[in-house]
Each structure stands twice: as structure tokens, then as C-alpha cells.
Protein chains: 2
Amino acid sequence: MNKAKRVTITDIARLAGVSPGAVSFALNGRPGVSAQTRQRILDIAEESQWLPNSAARALVGSHAGVIGFAVNRSAGTLGAEAFFTDLIAGVQSALAGKRIAMQMVLVSSVEEEVATYRRWHSAKQVDGVIVIDPRDDDPRLPVLRDLALPAVVLGSHASPEGHPATIWLDDSQVAHSLFDYLGALGHRSIAYVAGPAEFQHTRLRTEVLAGLGERGVRGEVIATDFSPAAASTAMRSLLSRLERPTAVVFDNDVMAIAGLRVAQEMGVPVPKDLSVASFDDSVVAGLVHPSITCITRDTFGLGAEAAKFLLEQIDAPEVLADRIGAMPQLTVRESTAVPR
Amino acid sequence: MNKAKRVTITDIARLAGVSPGAVSFALNGRPGVSAQTRQRILDIAEESQWLPNSAARALVGSHAGVIGFAVNRSAGTLGAEAFFTDLIAGVQSALAGKRIAMQMVLVSSVEEEVATYRRWHSAKQVDGVIVIDPRDDDPRLPVLRDLALPAVVLGSHASPEGHPATIWLDDSQVAHSLFDYLGALGHRSIAYVAGPAEFQHTRLRTEVLAGLGERGVRGEVIATDFSPAAASTAMRSLLSRLERPTAVVFDNDVMAIAGLRVAQEMGVPVPKDLSVASFDDSVVAGLVHPSITCITRDTFGLGAEAAKFLLEQIDAPEVLADRIGAMPQLTVRESTAVPR
DNA sequence: GGATGCAACTATAGCGATTTAGTAAAACGG
DNA sequence: CCGTTTTACTAAATCGCTATAGTTGCATCC
């Protein structure tokens with residue numbers, strides 16, 4: 001209906017009285033034009049509101065101006081965790097101002113995720129990707145290597161072969177900071193309501209808890225699917241025993257809140273008779289009553305750092321060295337106390 | 001490093017012994033090749049794992065295969081609301097399988113949002129956009145019209161000039177279902193802790209509450225910035241009065257949870273002495289104690305519907321008629337009761 | 001049997017950028 | 001002052017795909 005014609009590099013070339021090639025040189029700040037001509041071209045481009053056509057750019061082989069994020073979670077569980085929104089918000093904050101967009105898709109399996117990377121690469125749709133939830137023997141990593149698709153993995157230890165680049169934070173140290181704290185309070189029977197066993201962080205946390213056995217702490221792990229319903233079930237069975245644990249640690253805040261409710265329903269006072277804690281924080285975890293002791297990680301900052309790292313990676317000719325992310329901190333709130 | 005060469009339409013043409021044009025016809029299901037040849041081409045394409053180069057496609061003027069979503073919220077508040085994640089998850093669910101990606105950017109002002117639409121359009125980066133938070137006299141809508149950029153607005157009433165297409169749900173009806181319920185319980189003094197006044201839904205809800213005056217209900221509105229801190233402050237001041245309201249309604253669940261906490265801190269039993277409700281639901285709202293009476297809207301479904309509608313819109317030559325979204329339902333939980 | 005029509009292709013011209021090879025003019029050097 | 005290098009450009013090819021204008025062969029029809 002409206003013809004709102006797009007202004008192209010050829011239009012500016014005509015206006016400036018030079019060839020399209022010269023305009024390209026000028027706009028991309030590379031040698032080949034005099035300072036004077038360059039300025040003139042830039043002025044004209046500015047004036048006529050020229051914007052690069054990313055499709056054309058991508059086609060000729062330079063950047064697509066897009067980074068990709070394939071999330072392997074069911075659409076339902078996405079909303080339950082503040083993690084994604086925070087991460088995305090962080091990524092966006094690093095991208096703001098730069099002319100780079102984030103593309104996101106939900107996938108339902110690792111295979112589909114790999115296929116997505118292949119498609120993105122072959123269609124030159126994204127310049128790089130952010131990868132989360134690394135697993136042992138992760139099938140995605142070799143594919144990314146083969147495709148030479150720039151990537152940043154958010155993980156719990158350095159990348160196996162130094163590739164793809166990883167931002168990692170020592171998850172066993174994180175686990176220690178929470179479990180040791182509970183141990184120091186005097187808890188000797190701790191239950192850990194975890195996520196699926198295939199995630200690296202679940203395994204690491206489980207190991208740390210087991211390691212506390214030497215110091216007389218009985219640890220127990222219940223695997224769940226991250227759902228609040230599963231957390232409630234786990235909590236109910238834990239509290240129905242004759243020998244209850246004195247502390248229960250959940251993998252995320254929503255599960256912890258679900259657990260808290262079960263404790264209240266069953267008349268178990270928190271933190272007097274039971275301490276509750278979570279490996280994930282959120283605004284709500286600090287607002288519920290009692291507020292929940294959590295590991296607070298700067299997910300927003302992590303997202304921002306990941307995006308920045310990825311952009312560097314895209315520009316760099318070689319794979320960059322791994323980086324260590326900001327260490328999560330223990331935030332003690334009302335839900336934990338010395339056991340009776 | 002790795003040469004993982006991309007297979008192009010020309011490669012398949014060579015393999016099939018036809019011209020690239022014929023391959024294009026075959027792959028896009030348009031006349032110009034015999035059924036036999038078409039099948040052969042399709043087989044070869046499948047076999048050699050050919051994938052369309054979206055950059056090239058976008059360049060020649062067909063679809064970019066991307067829909068855009070510009071969110072005008074600060075990165076911080078994004079994470080606080082489950083709305084976005086749910087909406088995005090819904091959008092993704094509608095996009096899954098189709099070869100369409102969603103691009104998302106955070107913007108910090110309406111001007112920036114408009115500039116984003118301009119950029120997206122001029123660079124042919126997206127085929128259409130989803131627009132949220134319509135305002136009175138919204139500056140974005142005429143721009144989208146001028147650019148003839150397919151768009152779907154999620155709003156609270158039909159689009160002013162039938163363009164862009166809108167999915168709307170009658171927000172005053174929603175407001176009625178909650179306020180009327182509280183009125184029917186016997187509440188005669190209701191406070192509404194709202195978001196910024198420029199949002200349409202805030203205004204509509206305010207009007208509905210004011211309208212209850214005829215039936216002897218005293219309504220009061222406190223505008224906030226959607227933050228839990230502002231909600232706490234509002235709640236504290238409300239409960240410090242000699243004449244307290246008997247019910248407080250919050251614009252979203254996080255604010256309601258913050259308010260709930262203040263009530264507990266101040267020793268005001270909920271729902272005995274005070275009813276609390278929220279215009280937004282979330283998993284957590286049903287898990288906290290007491291669980292919160294909410295308006296439950298199918299945000300996931302809304303996202304899915306919006307995406308589907310947008311895709312139809314993109315394919316349709318003309319602007320489609322507005323649609324009405326699924327009506328949100330009142331979910332009564334533990335936080336509301338007959339006032340003392 | 002020559003004009004007509006149609007099916008099944010091919011050849012080719014873009015889309016809007018980048019990039020390489022080529023060229024004219026200016027600068028330099030001995 | 002002539003040969004060489006540098007500067008500042010232009011011309012043209014290219015990316016992968018789509019779309020339009022031709023081209024060919026073959027059946028059709030009065």
C-alpha cells in the first residue's frame with residue numbers, strides 16, 4: 001500500500017557522486033576513500049536515513065547481525081523459572097545500542113537443538129550462539145566445533161577441549177557454600193530435591209552433598225523434573241517420615257516455595273523445625289514468608305557477559321580462552337536456622 | 001577451520017541435471033516442472049541436506065522468516081513478570097515446526113521502539129511484529145501502518161482504525177469480574193495498587209473501580225511503577241491508616257506477594273482482616289501461603305494465538321479483522337474472604 | 001499442414017551489499 | 001624528469017535465490 005521506498009547504498013552513491021563501492025568503504029570505515037569524501041558520504045547516509053540491509057550483508061558473507069539462543073525446555077517450564085528472563089534481559093542489555101538482535105527458539109530435544117544450529121549456520125542466519133545446560137559428553141559441542149560456529153557455553157567447568165569458549169563458574173564451590181553453611185548451623189540430615197540427573201550441576205551438587213558424609217552429615221537426593229508439583233510430592237514424603245531431615249535444599253526457587261507450602265500445610269514450622277533453602281534466587285524468594293535462603297547468582301550479569309564474550313568471539317579470528325563468571329553468593333534469609 | 005561447505009540450489013541443479021531456476025520452482029511447489037522432475041529434485045535436496053539460505057531469500061523480497069518482538073521494559077523489570085516468558089513461550093509454541101524464528105530486542109522508550117520497527121522494516125529483517133502495551137494515542141500504530149509492516153497488537157479494545165490488526169480482550173469485563181466478586185463478598189473499601197497510568201488497562205480498571213461507587217463501594221487507586229518495592233510501600237501506607245481498606249488488589253502477582261508479606265509483618269491476618277488479589281496470575285501465586293486470588297489469563301495461549309494471527313497476516317494481502325482473545329477467568333484462592 | 005497452444009525447461013536479470021581487480025592521477029625519489 | 005609507488009577511486013564479479021522472458025518440443029485443431 002505505502003511505497004516507503006528503502007534507501008540503498010546505490011542511492012547514496014548517486015547522491016554523493018561516487019560509486020557504490022566507495023560508499024561501502026566509507027560506511028565501513030575502511031581505507032579507499034579520502035577523509036573528505038568519507039565524511040560527505042557519512043553525512044548523506046545519515047541524512048537520507050540509510051540503514052544497512054542485513055540480508056544483503058549476510059549474503060555476501062559478513063555478519064548477519066544476529067545471535068541465536070536455542071532453549072531446550074518445554075514451553076511450560078520456561079515461564080516457571082526466572083532464570084531465562086533474567087539471562088535474556090542480561091543478553092539484551094549487552095546488545096542494546098549495538099545493531100545486534102537476539103533470535104530465540106524453543107526446541108524440545110538435543111537433536112532438534114543441533115539441527116537448529118545446523119540450519120542457522122547453513123542459512124547464515126546467526127553469527128554465533130549461546131549454549132546453556134551443558135551435559136557430560138554433550139553432543140552439541142562437537143557439532144559447533146565442526147561448523148566453526150562461534151559459541152559461548154554457560155557451564156560449570158572449563159570446556160573439555162578448550163572449544164567452544166566457555167564461561168563457567170565452579171558449581172561445586174557453589175554447592176559447598178550452601179551445604180557447608182547448613183552443616184555449620186548443625187544440620188546432620190539434609191535432603192536435596194534436585195532436577196534431572198543428566199545436568200552437570202545436579203551431579204556436582206550431589207557429589208558435594210555426598211562428600212559431607214565424612215563430616216557426619218547424612219545427605220539424600222530426590223530427582224525431579226523441576227516442577228513445583230514434583231517438589232511438593234517430594235516434600236510431603238520427606239516430612240511424613242519418622243526421621244525427618246532437618247534441612248531441605250531445592251534446585252530452584254519455585255520448587256522451594258512449593259516445598260515451603262507443604263511444610264506449612266503439615267504444620268512444620270520453618271525455620272524452627274525445618275530449614276529450607278534454594279540453589280536459585282528470584283525476587284519472589286525474598287518476598288514470601290518466611291523469605292528463602294538462596295544462592296544468589298547474577299544471572300543478568302551472566303547474560304550480559306555471555307553476550308559480550310560472544311561478540312568478541314565473533315570478531316576474533318581464533319577461539320578465545322575460557323572465562324570464569326562471577327561467583328554466586330549465599331543470601332541468608334529467614335528460612336534457615338539452627339536445627340532443634 | 002572446517003570447510004563444511006554449504007550446499008546451494010546450484011549444487012542441486014547440477015546434481016539433477018537441470019537449471020537452478022527449475023530447482024527453485026520444484027522446491028517452492030510452483031508450476032514449471034514435471035511431477036517426475038520435481039520429485040527427483042526434492043529427493044536430491046533432501047539427500048544432500050540442502051537448506052534455504054534465508055539471507056538470499058530475504059534479499060529477493062520474499063519472507064525473512066523472522067517475526068520481531070520489541071519489548072519496552074527495563075531489563076530489570078522483565079524478569080519480575082512471568083507474563084513475558086509465558087507470552088514468548090506461547091509464541092514459540094506456534095512457531096515450532098515452521099521455519100520461523102522470533103527476534104527479540106529490549107528498548108527503553110517508545111521512540112526507540114518505533115526506530116526499531118523502522119530499522120527492521122528497512123532492512124527487511126522481520127516479516128511482522130507483535131506489539132504489546134497499547135496506549136491511548138499510541139505513536140507506534142501510525143508508523144506500522146505507514147510502513148505497511150504486518151503487526152498484531154495485544155490490547156484491551158479493538159484497534160481504532162481497524163489497523164494494525166488487534167487481538168483484544170475486554171479489560172473492563174476482566175476488571176468487573178474481580179471487583180464485582182470482592183463487592184459481592186461484602187467489601188466496601190477497596191484499594192487498587194496499579195501500574196503506570198498511561199497503560200490502557202490501568203485506566204480501564206480504574207474506571208471500573210470508580211463505577212462501583214454507585215453501589216456503595218469506596219475505591220482508591222495508587223499508581224506505582226510495577227516494582228515490588230513500590231507495592232510494599234503502598235501496602236504499608238494503606239495498612240497504617242485508621243480506616244483500612246478491607247481488600248487490596250494488585251496489578252500483578254509479584255506486587256501482590258510483596259503486599260502479602262507486608263500484611264504478615266504488620267500482623268494483619270489475610271484473608272480474615274484483609275483480602276488480597278491480583279490481576280495477574282503465575283505458578284507462584286498459587287503456591288504461596290495463603291495462595292492468592294487472581295485473574296488467570298492464558299498468556300501462553302495468547303502468545304500462541306498472536307503468533308498464528310501474525311503469520312496469517314503476513315500471508316494475507318489485506319489487513320485481517322480484529323479478534324477477541326480468550327476471556328481471563330477469576331481464580332479464587334485463599335487470600336480473599338468475606339470482610340469482618 | 002500451418003497456426004496455435006501448452007508444458008517443461010533454460011537463460012538471465014536482478015535484490016543490496018562486499019570485495020577484488022583495474023585505472024587514472026598525484027606523490028615521491030633519485 | 002622519468003619510473004615507481006601510493007592514493008582514491010571505479011568497474012565488475014559475487015553471494016544464493018527468485019522471477020521473468022525466452023526457447024524448445026510436442027500435441028492440438030480447424
# chains A, B, ... in the order shown; residues from 1 in each chain; ligands from 1
$ select_by_dssp --residues "segment 138-260 of chain B" --states "strand (DSSP E or B)" --output "PyMOL selection string"
chain B and resi 151-155+165-168+189-194+199+218-223+247-250
$ write_last_selection --atoms "C-alpha atoms" --output "tab-separated table (two decimals), in the first residue's frame"
chain	number	residue	atom	x	y	z
B	151	ALA	CA	1.56	-6.40	13.04
B	152	VAL	CA	-0.60	-7.85	15.76
B	153	VAL	CA	-1.42	-5.69	18.74
B	154	LEU	CA	-2.34	-7.26	22.04
B	155	GLY	CA	-4.74	-4.81	23.55
B	165	ALA	CA	-4.86	-5.99	13.47
B	166	THR	CA	-5.55	-6.48	17.13
B	167	ILE	CA	-6.26	-9.33	19.46
B	168	TRP	CA	-8.11	-7.81	22.30
B	189	SER	CA	-13.48	-0.19	50.70
B	190	ILE	CA	-11.15	-1.47	48.02
B	191	ALA	CA	-7.66	-0.22	47.19
B	192	TYR	CA	-6.16	-0.84	43.78
B	193	VAL	CA	-2.36	-0.76	43.59
B	194	ALA	CA	-1.87	-0.12	39.88
B	199	PHE	CA	-1.41	1.96	30.17
B	218	ARG	CA	-15.26	3.20	48.05
B	219	GLY	CA	-12.40	2.69	45.60
B	220	GLU	CA	-8.91	4.10	45.73
B	221	VAL	CA	-6.08	3.88	43.23
B	222	ILE	CA	-2.36	4.06	43.94
B	223	ALA	CA	-0.13	4.29	40.88
B	247	ALA	CA	-9.41	-5.52	50.22
B	248	VAL	CA	-6.33	-4.65	48.20
B	249	VAL	CA	-5.98	-5.54	44.54
B	250	PHE	CA	-2.58	-5.50	42.85
$ interface_residues --of "chain B" --to "chain D" --cutoff "12 Å" --atoms "only C-alpha atoms (C1' of nucleotides)" --output "tab-separated table (two decimals) with N, CA and C atoms, in the first residue's frame"
chain	number	residue	atom	x	y	z
B	6	ARG	N	28.53	-25.11	2.33
B	6	ARG	CA	27.07	-25.09	2.31
B	6	ARG	C	26.61	-25.54	0.94
B	7	VAL	N	25.56	-26.32	0.90
B	7	VAL	CA	25.05	-26.76	-0.39
B	7	VAL	C	23.98	-25.77	-0.85
B	8	THR	N	24.12	-25.32	-2.07
B	8	THR	CA	23.22	-24.31	-2.61
B	8	THR	C	22.30	-24.91	-3.66
B	9	ILE	N	21.41	-24.10	-4.09
B	9	ILE	CA	20.43	-24.51	-5.07
B	9	ILE	C	21.12	-24.87	-6.40
B	10	THR	N	22.24	-24.24	-6.65
B	10	THR	CA	23.01	-24.53	-7.87
B	10	THR	C	23.62	-25.92	-7.81
B	11	ASP	N	24.05	-26.31	-6.62
B	11	ASP	CA	24.60	-27.65	-6.46
B	11	ASP	C	23.57	-28.71	-6.83
B	20	PRO	N	19.13	-23.96	-12.20
B	20	PRO	CA	18.79	-23.50	-10.85
B	20	PRO	C	17.35	-23.03	-10.76
B	21	GLY	N	16.88	-22.42	-11.81
B	21	GLY	CA	15.51	-21.93	-11.80
B	21	GLY	C	14.52	-23.06	-11.60
B	22	ALA	N	14.75	-24.14	-12.31
B	22	ALA	CA	13.87	-25.30	-12.19
B	22	ALA	C	13.86	-25.81	-10.76
B	23	VAL	N	15.03	-25.81	-10.15
B	23	VAL	CA	15.11	-26.28	-8.76
B	23	VAL	C	14.29	-25.38	-7.86
B	24	SER	N	14.40	-24.10	-8.09
B	24	SER	CA	13.63	-23.15	-7.28
B	24	SER	C	12.14	-23.43	-7.43
B	25	PHE	N	11.70	-23.67	-8.65
B	25	PHE	CA	10.29	-23.99	-8.88
B	25	PHE	C	9.90	-25.23	-8.08
B	27	LEU	N	11.32	-26.69	-5.48
B	27	LEU	CA	11.38	-26.58	-4.03
B	27	LEU	C	10.27	-25.71	-3.46
B	28	ASN	N	9.77	-24.80	-4.27
B	28	ASN	CA	8.74	-23.92	-3.75
B	28	ASN	C	7.34	-24.32	-4.20
B	30	ARG	N	5.89	-24.62	-7.05
B	30	ARG	CA	5.14	-23.86	-8.04
B	30	ARG	C	5.31	-24.50	-9.41
B	50	TRP	N	20.08	-30.01	1.78
B	50	TRP	CA	20.00	-28.62	1.39
B	50	TRP	C	19.09	-27.85	2.32
B	51	LEU	N	19.48	-26.65	2.67
B	51	LEU	CA	18.65	-25.78	3.49
B	51	LEU	C	18.62	-24.41	2.82
B	52	PRO	N	17.46	-23.78	2.79
B	52	PRO	CA	17.38	-22.48	2.12
B	52	PRO	C	18.23	-21.45	2.85
B	53	ASN	N	18.87	-20.61	2.11
B	53	ASN	CA	19.62	-19.52	2.70
B	53	ASN	C	18.65	-18.35	2.88
B	54	SER	N	18.32	-18.12	4.14
B	54	SER	CA	17.28	-17.11	4.40
B	54	SER	C	17.72	-15.71	4.00
B	55	ALA	N	19.02	-15.47	4.05
B	55	ALA	CA	19.51	-14.15	3.65
B	55	ALA	C	19.20	-13.91	2.18
B	56	ALA	N	19.51	-14.90	1.38
B	56	ALA	CA	19.27	-14.76	-0.06
B	56	ALA	C	17.78	-14.60	-0.34
B	57	ARG	N	16.98	-15.37	0.38
B	57	ARG	CA	15.54	-15.28	0.18
B	57	ARG	C	15.02	-13.91	0.56
B	58	ALA	N	15.48	-13.43	1.71
B	58	ALA	CA	15.01	-12.13	2.17
B	58	ALA	C	15.43	-11.06	1.18
B	59	LEU	N	16.61	-11.25	0.61
B	59	LEU	CA	17.12	-10.24	-0.31
B	59	LEU	C	16.26	-10.08	-1.55
B	60	VAL	N	15.79	-11.17	-2.09
B	60	VAL	CA	14.99	-11.06	-3.30
B	60	VAL	C	13.57	-10.62	-2.99
B	61	GLY	N	13.25	-10.45	-1.74
B	61	GLY	CA	11.97	-9.84	-1.46
B	61	GLY	C	10.93	-10.75	-0.88
B	62	SER	N	11.20	-12.03	-0.80
B	62	SER	CA	10.22	-12.87	-0.15
B	62	SER	C	10.43	-12.77	1.36
B	63	HIS	N	9.96	-13.71	2.09
B	63	HIS	CA	9.96	-13.56	3.53
B	63	HIS	C	11.33	-13.71	4.18
$ interface_residues --of "chain C" --to "chain B" --cutoff "7 Å" --atoms "only C-alpha atoms (C1' of nucleotides)" --output "list in words"
DA8, DT10 and DC15 of chain C
$ write_last_selection --atoms "N, CA and C atoms (P, O5', C5', C4', C3', O3' and C1' of nucleotides)" --output "mmCIF file, in the first residue's frame"
data_model
loop_
_atom_site.group_PDB
_atom_site.id
_atom_site.type_symbol
_atom_site.label_atom_id
_atom_site.label_comp_id
_atom_site.auth_asym_id
_atom_site.auth_seq_id
_atom_site.Cartn_x
_atom_site.Cartn_y
_atom_site.Cartn_z
ATOM 1 P P DA C 8 4.631 -30.722 -17.818
ATOM 2 O "O5'" DA C 8 6.075 -30.209 -18.279
ATOM 3 C "C5'" DA C 8 6.813 -30.946 -19.245
ATOM 4 C "C4'" DA C 8 8.156 -30.299 -19.412
ATOM 5 C "C3'" DA C 8 8.889 -30.018 -18.081
ATOM 6 O "O3'" DA C 8 10.252 -30.346 -18.231
ATOM 7 C "C1'" DA C 8 8.776 -28.067 -19.332
ATOM 8 P P DT C 10 16.528 -27.060 -17.458
ATOM 9 O "O5'" DT C 10 16.754 -25.833 -18.445
ATOM 10 C "C5'" DT C 10 17.118 -26.060 -19.809
ATOM 11 C "C4'" DT C 10 17.460 -24.726 -20.452
ATOM 12 C "C3'" DT C 10 18.632 -23.993 -19.804
ATOM 13 O "O3'" DT C 10 19.421 -23.403 -20.841
ATOM 14 C "C1'" DT C 10 16.709 -22.621 -19.728
ATOM 15 P P DC C 15 17.358 -4.331 -8.609
ATOM 16 O "O5'" DC C 15 17.173 -4.917 -7.151
ATOM 17 C "C5'" DC C 15 16.036 -5.656 -6.738
ATOM 18 C "C4'" DC C 15 16.403 -6.360 -5.463
ATOM 19 C "C3'" DC C 15 17.435 -5.613 -4.631
ATOM 20 O "O3'" DC C 15 16.774 -4.914 -3.579
ATOM 21 C "C1'" DC C 15 17.947 -7.984 -4.811
#
$ closest_residue --among "B:Ile41, B:Ile257, B:Ala70, B:Ala234" --to "chain A" --atoms "only C-alpha atoms"
B:Ile257
$ interface_residues --of "chain B" --to "chain A" --cutoff "8 Å" --atoms "only C-alpha atoms" --output "ChimeraX atom specification"
/B:1-2,4,6,51-56,58-59,75-76,78-80,82-86,89-90,92-93,96,101-107,119,122-125,146-148,254,257-258,261,264,283-284,287-289
$ write_last_selection --atoms "N, CA and C atoms" --output "compact mmCIF listing (two decimals), in the first residue's frame"
# COMPACT_ATOMS: atom_id res chain seq x y z
N MET B 1 38.18 -22.82 9.80
CA MET B 1 38.95 -24.03 10.05
C MET B 1 38.35 -25.23 9.29
N ASN B 2 37.09 -25.47 9.57
CA ASN B 2 36.43 -26.57 8.87
C ASN B 2 35.74 -26.01 7.64
N ALA B 4 33.20 -27.32 5.90
CA ALA B 4 31.74 -27.56 5.90
C ALA B 4 31.00 -26.71 4.87
N ARG B 6 28.53 -25.11 2.33
CA ARG B 6 27.07 -25.09 2.31
C ARG B 6 26.61 -25.54 0.94
N LEU B 51 19.48 -26.65 2.67
CA LEU B 51 18.65 -25.78 3.49
C LEU B 51 18.62 -24.41 2.82
N PRO B 52 17.46 -23.78 2.79
CA PRO B 52 17.38 -22.48 2.12
C PRO B 52 18.23 -21.45 2.85
N ASN B 53 18.87 -20.61 2.11
CA ASN B 53 19.62 -19.52 2.70
C ASN B 53 18.65 -18.35 2.88
N SER B 54 18.32 -18.12 4.14
CA SER B 54 17.28 -17.11 4.40
C SER B 54 17.72 -15.71 4.00
N ALA B 55 19.02 -15.47 4.05
CA ALA B 55 19.51 -14.15 3.65
C ALA B 55 19.20 -13.91 2.18
N ALA B 56 19.51 -14.90 1.38
CA ALA B 56 19.27 -14.76 -0.06
C ALA B 56 17.78 -14.60 -0.34
N ALA B 58 15.48 -13.43 1.71
CA ALA B 58 15.01 -12.13 2.17
C ALA B 58 15.43 -11.06 1.18
N LEU B 59 16.61 -11.25 0.61
CA LEU B 59 17.12 -10.24 -0.31
C LEU B 59 16.26 -10.08 -1.55
N ALA B 75 15.39 -3.79 31.53
CA ALA B 75 15.85 -5.17 31.65
C ALA B 75 15.51 -5.74 33.03
N GLY B 76 15.54 -4.89 34.03
CA GLY B 76 15.29 -5.36 35.39
C GLY B 76 13.88 -5.86 35.60
N LEU B 78 11.78 -6.93 33.47
CA LEU B 78 11.43 -8.07 32.62
C LEU B 78 11.32 -9.34 33.43
N GLY B 79 12.34 -9.58 34.23
CA GLY B 79 12.41 -10.82 34.99
C GLY B 79 11.35 -10.93 36.05
N ALA B 80 10.85 -9.79 36.49
CA ALA B 80 9.90 -9.81 37.59
C ALA B 80 8.54 -10.37 37.17
N ALA B 82 6.14 -12.88 35.03
CA ALA B 82 6.08 -14.13 34.30
C ALA B 82 5.43 -13.92 32.94
N PHE B 83 4.74 -12.80 32.82
CA PHE B 83 4.00 -12.51 31.59
C PHE B 83 4.83 -12.70 30.33
N PHE B 84 6.01 -12.12 30.33
CA PHE B 84 6.82 -12.17 29.12
C PHE B 84 7.26 -13.57 28.76
N THR B 85 7.74 -14.27 29.76
CA THR B 85 8.19 -15.62 29.48
C THR B 85 7.04 -16.47 28.97
N ASP B 86 5.89 -16.31 29.59
CA ASP B 86 4.74 -17.08 29.16
C ASP B 86 4.34 -16.72 27.73
N ALA B 89 6.89 -18.02 25.35
CA ALA B 89 6.75 -19.47 25.24
C ALA B 89 5.57 -19.81 24.32
N GLY B 90 4.49 -19.06 24.46
CA GLY B 90 3.32 -19.28 23.62
C GLY B 90 3.63 -19.00 22.17
N GLN B 92 6.47 -19.10 20.75
CA GLN B 92 7.37 -20.14 20.27
C GLN B 92 6.61 -21.42 19.93
N SER B 93 5.61 -21.72 20.76
CA SER B 93 4.88 -22.96 20.52
C SER B 93 4.17 -22.90 19.17
N ALA B 96 6.94 -23.30 16.41
CA ALA B 96 7.68 -24.55 16.37
C ALA B 96 7.30 -25.33 15.12
N ALA B 101 11.62 -17.87 13.02
CA ALA B 101 12.25 -17.55 14.29
C ALA B 101 11.65 -16.28 14.86
N MET B 102 11.87 -16.10 16.15
CA MET B 102 11.42 -14.88 16.77
C MET B 102 12.63 -14.06 17.17
N GLN B 103 12.59 -12.80 16.81
CA GLN B 103 13.68 -11.94 17.20
C GLN B 103 13.18 -11.01 18.27
N MET B 104 13.98 -10.82 19.29
CA MET B 104 13.51 -10.01 20.40
C MET B 104 14.54 -8.95 20.74
N VAL B 105 14.09 -7.74 20.96
CA VAL B 105 15.00 -6.73 21.50
C VAL B 105 14.31 -5.98 22.62
N LEU B 106 15.12 -5.52 23.54
CA LEU B 106 14.62 -4.67 24.61
C LEU B 106 14.86 -3.23 24.21
N VAL B 107 13.85 -2.42 24.33
CA VAL B 107 14.03 -0.99 24.05
C VAL B 107 13.63 -0.23 25.30
N ARG B 119 13.88 0.27 11.44
CA ARG B 119 15.10 -0.42 11.04
C ARG B 119 14.75 -1.82 10.52
N SER B 122 13.19 -1.50 7.09
CA SER B 122 14.06 -1.06 6.00
C SER B 122 15.12 -2.11 5.70
N ALA B 123 15.49 -2.87 6.69
CA ALA B 123 16.49 -3.92 6.46
C ALA B 123 15.82 -5.24 6.11
N LYS B 124 14.50 -5.20 6.00
CA LYS B 124 13.73 -6.42 5.73
C LYS B 124 14.13 -7.54 6.67
N GLN B 125 14.30 -7.19 7.92
CA GLN B 125 14.83 -8.15 8.86
C GLN B 125 13.74 -9.02 9.46
N ASP B 146 2.04 3.08 8.20
CA ASP B 146 2.78 3.70 7.10
C ASP B 146 3.78 2.73 6.49
N LEU B 147 4.46 1.99 7.35
CA LEU B 147 5.46 1.06 6.85
C LEU B 147 4.81 -0.15 6.20
N ALA B 148 3.51 -0.30 6.45
CA ALA B 148 2.79 -1.48 5.98
C ALA B 148 3.48 -2.75 6.49
N VAL B 254 3.62 -10.47 41.55
CA VAL B 254 4.79 -10.18 42.37
C VAL B 254 4.47 -9.07 43.35
N ILE B 257 2.41 -10.48 46.12
CA ILE B 257 3.19 -11.25 47.09
C ILE B 257 3.94 -10.30 48.02
N ALA B 258 4.46 -9.23 47.45
CA ALA B 258 5.12 -8.22 48.28
C ALA B 258 4.13 -7.63 49.28
N ARG B 261 3.31 -9.96 52.16
CA ARG B 261 4.37 -10.00 53.16
C ARG B 261 4.24 -8.83 54.14
N GLN B 264 1.59 -9.55 56.58
CA GLN B 264 2.03 -10.51 57.60
C GLN B 264 2.95 -9.84 58.61
N VAL B 283 2.51 -19.29 38.53
CA VAL B 283 2.64 -20.52 39.32
C VAL B 283 2.78 -20.18 40.79
N VAL B 284 3.65 -19.23 41.05
CA VAL B 284 3.97 -18.90 42.44
C VAL B 284 2.75 -18.37 43.20
N LEU B 287 1.15 -20.96 44.97
CA LEU B 287 1.99 -21.74 45.88
C LEU B 287 2.25 -21.05 47.20
N VAL B 288 2.20 -19.72 47.20
CA VAL B 288 2.49 -19.03 48.45
C VAL B 288 1.35 -19.27 49.44
N HIS B 289 1.61 -18.90 50.67
CA HIS B 289 0.61 -19.15 51.72
C HIS B 289 0.24 -17.85 52.38
$ select_by_dssp --residues "segment 190-278 of chain A" --states "alpha helix (DSSP H)" --output "ChimeraX atom specification"
/A:200-211,228-239,253-265
$ atom_distance --atom1 "atom CA of Glu207 of chain A" --atom2 "atom CA of Met327 of chain A"
19.2 Å
$ residues_around --residues "Thr224 of chain A" --least-positions-apart "6" --cutoff "6 Å" --atoms "only C-alpha atoms (C1' of nucleotides)" --output "ChimeraX atom specification"
/A:194-196,230
$ write_last_selection --atoms "N, CA and C atoms" --output "PDB file, in the first residue's frame"
ATOM      1  N   ALA A 194      16.434 -32.342  43.741  1.00  0.00           N
ATOM      2  CA  ALA A 194      17.208 -31.915  42.574  1.00  0.00           C
ATOM      3  C   ALA A 194      16.424 -31.968  41.280  1.00  0.00           C
ATOM      4  N   GLY A 195      17.049 -31.483  40.218  1.00  0.00           N
ATOM      5  CA  GLY A 195      16.489 -31.589  38.883  1.00  0.00           C
ATOM      6  C   GLY A 195      16.913 -32.909  38.251  1.00  0.00           C
ATOM      7  N   PRO A 196      16.682 -33.079  36.967  1.00  0.00           N
ATOM      8  CA  PRO A 196      17.058 -34.309  36.274  1.00  0.00           C
ATOM      9  C   PRO A 196      18.557 -34.572  36.407  1.00  0.00           C
ATOM     10  N   ALA A 230       6.258 -31.818  41.545  1.00  0.00           N
ATOM     11  CA  ALA A 230       7.217 -32.840  41.969  1.00  0.00           C
ATOM     12  C   ALA A 230       7.870 -32.439  43.284  1.00  0.00           C
TER      13      ALA A 230
END
$ atom_distance --atom1 "atom CA of Ala210 of chain B" --atom2 "atom CA of Val174 of chain B"
14.6 Å
$ residues_around --residues "Arg215 of chain B" --least-positions-apart "6" --cutoff "12 Å" --atoms "only C-alpha atoms (C1' of nucleotides)" --output "list in words"
Phe179, Asp180, Gly183, Ala184, Gly186, His187, Arg188, Ser189, Val208 and Leu209 of chain B
$ atom_distance --atom1 "atom CA of Ser335 of chain A" --atom2 "atom CA of Asp225 of chain B"
28.8 Å
